[in-house]
Every structure is written in structure tokens, then in C-alpha cells.
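A short worksheet on the structure shown next.
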Amino acid sequence: MIKFDIITIFPEIFDSYFNESIIKRAQKRKLIKIKVHNLRDSTTDSHKTVDDRPYGGGAGMILKVDIIFKAVKKIIQSNKKINKKQRKIILLSAKGKKFDQKTAKRLSKLKQIIFISGRYEGVDERVAKYIADEEISIGDYVLTGGEIPAMVILDAVSRLVPGVIKEDSLKEESFSIDSKEYPQYTRPEIFKPKGNKRSWKVPKILLSGHHKKIKDWQKKHSKALEK
């Protein structure tokens, strides 16, 4: 089982996604455990301040290192049975290493992943330098926060936990991701949208039942996935 801890200032964002489909079933079966932590709970002032102006000037506000440190420390102390080698603290950052399937496989071997969801204009650099084990980005673009990246990574990693997805499906996905992806079709065999002159048909070879010819067709029409 992997335990996912997510530090955020918007905990309600995760409610809908984590209570649906495969992720919900995986939690019920105790294959994964998810806990969302409100960063504001680690503050001590009456305004529950989690950010401040950047030194040297600049637009926006920066999430404070002391508040994040306190939140992470509390999570670690409440999970003393998990040693440091079994845990990763990940700062979700636009300047982090690009997330891919290889990274998902590596993370799926852990017992605990702690996500730090950045917000606003950024996070105090000391979080990346002294608290996080690594920084991860899900793409070359800027989001308003780390909540969506946390969902993406959690989903990708969870699917690799034994029992979450059927083994046959994982083997097929592994083939596709590690090599190439080919076109796939399902019923109806023939579909003609209203007003269209031509029907959209499934390639005849896929209906033949000839496994070798089908494999050859898939290989011919496959495209390498971007790593």
C-alpha cells in the first residue's frame, strides 16, 4: 500500500476526483491511502498566514518555508513506521524534472509520497533545497497551483500498485508506453453519422480473427509515444 499525503491551501479541490472510479475503489480496498492536509492548519497567527512578499521585490506572494516545514514534519512524525528510504517528499514545481511513466514506476515502489502543492507566484526556494527530495513538473507550462499535478501523479502511480488495475491491462499498457501505440476500435462495426455520405468502418483486418495479420497491422500503423 502507498500512502499519499498532499499539502495544499485548497483541500476541497480533491474531494470529487478522489471519490470516483478507480481511485475510490483502490482506497476502499486499502491498496492506497490518501490524506489531504490544509497548510493553514500549520499556522499560528489569527489570519492563518501561509505566504509573504518576496525579498528583493517582485509580483505576488511566496509560500513560507517555516509553515511548509512544520506541515511536513507533522506528517512524517505521524508515520514513524515508514523510514526515509520508503518515502519521497515532492515539490510540485514548473521548474522541476518532467514527469513520465518511468518516474511513475519508480515512485510506485515507495510506501509514502508527500506532495507539496505550490501556489500563487511560487514557494520559498529553501523548500526545494532543504525539505523536498525532488521537484517534479507535469509539463512545460504554468498552472495556478500544484493541485492538478498532484492528482496527475497520484493517478499515474496508483495504477501501477498491484491490484489497482487488472494485470492484463497493465501488461498491454506497458507494451504501448515502452514501445508504440496503435489505433484501436470497438463496436459498432459501421457508424454513419446523420447527414454524412460515407460510413466510418472498422478496418476489415481487425474483424478477421487472424492474430498474426492483426499484430502485423498494429505494428505497421503504430506510432511511437513521446517519452
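All residue names refer to the C-alpha cells as shown: chains lettered A, B, ... in order, residues numbered from 1 in each chain, ligands numbered from 1 in order.
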Show which residues sit within 12 Å of stretch 23-30 of chain A, as a ChimeraX atom specification. Count only C-alpha atoms, and ignore same-chain residues fewer than 6 positions away.
/A:1-4,14-17,151-152,154-166
Selection near A:Glu189, 12 Å with only C-alpha atoms, sequence-local residues under 2 positions removed, as a PyMOL selection string
chain A and resi 185-187+191-192+199-204+206-207
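When only C-alpha atoms are used to compute distances to A:Gly58, the closest of the residues A:Gly122, A:Glu20, A:Gln218, A:Ile89 turns out to be A:Gly122.
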From a DSSP calculation on the backbone, collect every residue of stretch 38-160 of chain A in strand (DSSP E or B) and output the set as number ranges by chain.
A: 38, 51-52, 62-63, 87-98, 112-117, 119, 122-123, 134-137, 145
For stretch 116-121 of chain A: contacts at 10 Å, only C-alpha atoms, fewer than 6 positions along chain excluded, given as a ChimeraX atom specification
/A:5-10,37,39,51,53-54,58-63,68,71-72,89-94,127-128,131-132,135,143-150
Writer output for current selection, N, CA and C atoms, as a compact mmCIF listing (two decimals), in the first residue's frame:
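The new file part.txt reads:
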# COMPACT_ATOMS: atom_id res chain seq x y z
N ASP A 5 0.20 11.80 0.88
CA ASP A 5 -0.15 12.96 1.69
C ASP A 5 0.02 14.20 0.83
N ILE A 6 -1.02 15.02 0.77
CA ILE A 6 -0.99 16.21 -0.08
C ILE A 6 -1.15 17.46 0.78
N ILE A 7 -0.17 18.35 0.69
CA ILE A 7 -0.21 19.62 1.42
C ILE A 7 -0.70 20.70 0.46
N THR A 8 -1.76 21.40 0.84
CA THR A 8 -2.39 22.38 -0.04
C THR A 8 -3.12 23.43 0.79
N ILE A 9 -3.45 24.56 0.17
CA ILE A 9 -4.30 25.53 0.86
C ILE A 9 -5.74 25.46 0.34
N PHE A 10 -5.97 24.52 -0.59
CA PHE A 10 -7.32 24.32 -1.12
C PHE A 10 -7.68 22.83 -1.07
N HIS A 37 -3.93 17.58 3.49
CA HIS A 37 -3.62 18.41 4.65
C HIS A 37 -3.72 19.88 4.28
N LEU A 39 -2.62 23.42 4.57
CA LEU A 39 -1.41 24.10 5.03
C LEU A 39 -1.72 25.14 6.11
N ASP A 51 1.75 32.85 3.37
CA ASP A 51 2.61 33.46 2.36
C ASP A 51 3.08 34.85 2.80
N ARG A 53 5.54 38.57 1.12
CA ARG A 53 6.16 39.25 -0.02
C ARG A 53 7.58 38.72 -0.24
N PRO A 54 8.02 38.62 -1.48
CA PRO A 54 9.38 38.12 -1.76
C PRO A 54 10.45 39.14 -1.44
N GLY A 58 9.20 41.99 -6.36
CA GLY A 58 8.59 41.09 -7.33
C GLY A 58 7.09 41.01 -7.12
N ALA A 59 6.41 40.51 -8.14
CA ALA A 59 4.94 40.42 -8.07
C ALA A 59 4.51 39.21 -7.26
N GLY A 60 3.35 39.32 -6.65
CA GLY A 60 2.75 38.18 -5.97
C GLY A 60 3.34 37.88 -4.60
N MET A 61 2.88 36.76 -4.06
CA MET A 61 3.28 36.33 -2.73
C MET A 61 3.92 34.94 -2.81
N ILE A 62 4.79 34.65 -1.84
CA ILE A 62 5.54 33.40 -1.82
C ILE A 62 5.15 32.57 -0.60
N LEU A 63 4.91 31.27 -0.82
CA LEU A 63 4.59 30.39 0.31
C LEU A 63 5.79 30.27 1.23
N ILE A 68 5.58 25.40 5.72
CA ILE A 68 5.66 24.13 4.99
C ILE A 68 6.49 23.12 5.77
N ALA A 71 4.36 21.59 8.45
CA ALA A 71 3.36 20.67 7.92
C ALA A 71 3.99 19.33 7.55
N VAL A 72 5.14 19.38 6.90
CA VAL A 72 5.84 18.15 6.50
C VAL A 72 6.30 17.37 7.73
N ILE A 89 9.49 13.18 -0.59
CA ILE A 89 8.80 14.46 -0.44
C ILE A 89 8.98 15.20 -1.77
N ILE A 90 7.86 15.46 -2.44
CA ILE A 90 7.90 16.02 -3.79
C ILE A 90 7.30 17.42 -3.81
N LEU A 91 8.09 18.37 -4.29
CA LEU A 91 7.59 19.72 -4.51
C LEU A 91 7.13 19.80 -5.95
N LEU A 92 5.87 20.14 -6.15
CA LEU A 92 5.32 20.27 -7.49
C LEU A 92 5.65 21.66 -8.00
N SER A 93 6.49 21.71 -9.02
CA SER A 93 7.07 22.97 -9.45
C SER A 93 7.23 23.01 -10.96
N ALA A 94 7.00 24.17 -11.55
CA ALA A 94 7.15 24.34 -13.00
C ALA A 94 8.59 24.13 -13.45
N VAL A 127 12.47 25.49 0.43
CA VAL A 127 11.66 24.27 0.44
C VAL A 127 12.26 23.24 -0.51
N ALA A 128 12.61 23.71 -1.72
CA ALA A 128 13.22 22.82 -2.71
C ALA A 128 14.61 22.37 -2.26
N ILE A 131 13.93 20.78 2.09
CA ILE A 131 12.81 19.95 2.54
C ILE A 131 12.44 18.87 1.53
N ALA A 132 12.23 19.26 0.29
CA ALA A 132 11.82 18.31 -0.75
C ALA A 132 12.97 17.41 -1.19
N GLU A 135 11.94 17.90 -7.16
CA GLU A 135 10.92 18.75 -7.75
C GLU A 135 10.43 18.08 -9.02
N LEU A 143 0.78 26.48 -14.26
CA LEU A 143 -0.56 26.35 -13.70
C LEU A 143 -0.70 27.29 -12.50
N THR A 144 -1.91 27.44 -12.01
CA THR A 144 -2.12 28.33 -10.87
C THR A 144 -1.72 27.68 -9.54
N GLY A 145 -1.47 26.38 -9.56
CA GLY A 145 -1.07 25.70 -8.34
C GLY A 145 -0.69 24.26 -8.59
N GLY A 146 -0.26 23.58 -7.54
CA GLY A 146 0.20 22.20 -7.67
C GLY A 146 -0.85 21.14 -7.45
N GLU A 147 -2.11 21.56 -7.29
CA GLU A 147 -3.15 20.58 -7.01
C GLU A 147 -3.41 19.62 -8.18
N ILE A 148 -3.53 20.17 -9.38
CA ILE A 148 -3.75 19.30 -10.55
C ILE A 148 -2.56 18.38 -10.80
N PRO A 149 -1.31 18.89 -10.75
CA PRO A 149 -0.17 17.98 -10.87
C PRO A 149 -0.18 16.86 -9.82
N ALA A 150 -0.59 17.17 -8.61
CA ALA A 150 -0.66 16.14 -7.57
C ALA A 150 -1.64 15.04 -7.97
Counting only C-alpha atoms, which of A:Lys111, A:Lys35, A:His221, A:Arg198 gets nearest to A:Gln184?
A:His221
In terms of only C-alpha atoms, the residue from A:Lys98, A:His211, A:Lys197, A:Lys33 at minimal distance from A:Gly139 is A:Lys98
As a check of understanding: the span from atom CA of A:Glu134 to atom CA of A:Asn19 is 27.8 Å
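Here atom CA of A:Phe69 and atom CA of A:Asn38 stand 13.3 Å from one another.
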Please measure the separation of atom CA of A:Lys97 and atom CA of A:Asp140, giving the value in Å to one decimal.
10.2 Å
Extract the full set of alpha helix (DSSP H) residues from stretch 6-215 of chain A according to DSSP on the backbone, and format it as a VMD selection string.
chain A and resid 15 to 18 21 to 28 65 to 77 101 to 107 125 to 126 147 to 158 167 to 178 211 to 215
Could you give me, as an NGL selection string, the residues within 8 Å of A:Phe99, counting only C-alpha atoms and dropping anything in the same chain fewer than 4 positions from it?
:A and (103-104 or 136-139 or 153)
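The protein and nucleic acid residues lying at most 7 Å from A:Ser222 are Lys180, Glu181, Tyr182, Pro183 and Gln218 of chain A, with only C-alpha atoms considered and sequence neighbours fewer than 4 positions away removed.
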Those same residues - N, CA and C atoms - I'd like them written as an mmCIF file, in the first residue's frame.
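Output below, filename again.cif:
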data_model
loop_
_atom_site.group_PDB
_atom_site.id
_atom_site.type_symbol
_atom_site.label_atom_id
_atom_site.label_comp_id
_atom_site.auth_asym_id
_atom_site.auth_seq_id
_atom_site.Cartn_x
_atom_site.Cartn_y
_atom_site.Cartn_z
ATOM 1 N N LYS A 180 5.246 1.337 -28.710
ATOM 2 C CA LYS A 180 4.427 2.157 -29.594
ATOM 3 C C LYS A 180 2.945 1.984 -29.300
ATOM 4 N N GLU A 181 2.145 2.912 -29.834
ATOM 5 C CA GLU A 181 0.699 2.881 -29.664
ATOM 6 C C GLU A 181 0.052 2.714 -31.027
ATOM 7 N N TYR A 182 -0.919 1.806 -31.121
ATOM 8 C CA TYR A 182 -1.592 1.568 -32.392
ATOM 9 C C TYR A 182 -3.070 1.951 -32.289
ATOM 10 N N PRO A 183 -3.737 2.206 -33.424
ATOM 11 C CA PRO A 183 -5.159 2.571 -33.409
ATOM 12 C C PRO A 183 -6.021 1.437 -32.872
ATOM 13 N N GLN A 218 -1.171 -3.860 -36.574
ATOM 14 C CA GLN A 218 -0.942 -2.972 -35.435
ATOM 15 C C GLN A 218 0.466 -2.400 -35.461
#
May I have the residues within 10 Å of A:Lys85 as a PyMOL selection string, using only C-alpha atoms and disregarding those fewer than 2 positions away in the same chain?
chain A and resi 82-83+87-88+110-112
Quick one: write out the picked residues with C-alpha atoms as a short mmCIF file (atom, residue, chain, number, x, y, z; two decimals), in the first residue's frame?
data_model
loop_
_atom_site.label_atom_id
_atom_site.label_comp_id
_atom_site.auth_asym_id
_atom_site.auth_seq_id
_atom_site.Cartn_x
_atom_site.Cartn_y
_atom_site.Cartn_z
CA ILE A 82 7.80 4.45 7.34
CA ASN A 83 11.54 5.01 7.04
CA ARG A 87 9.33 7.95 1.42
CA LYS A 88 9.67 10.82 -1.05
CA LEU A 110 7.54 3.60 -2.27
CA LYS A 111 5.46 3.38 0.91
CA GLN A 112 4.71 7.11 1.17
#
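Nearest-residue note for A:Tyr130: choosing from A:Asp216, A:Asp52, A:Asp66, A:Glu12, the minimum distance belongs to A:Asp66, counting only C-alpha atoms.
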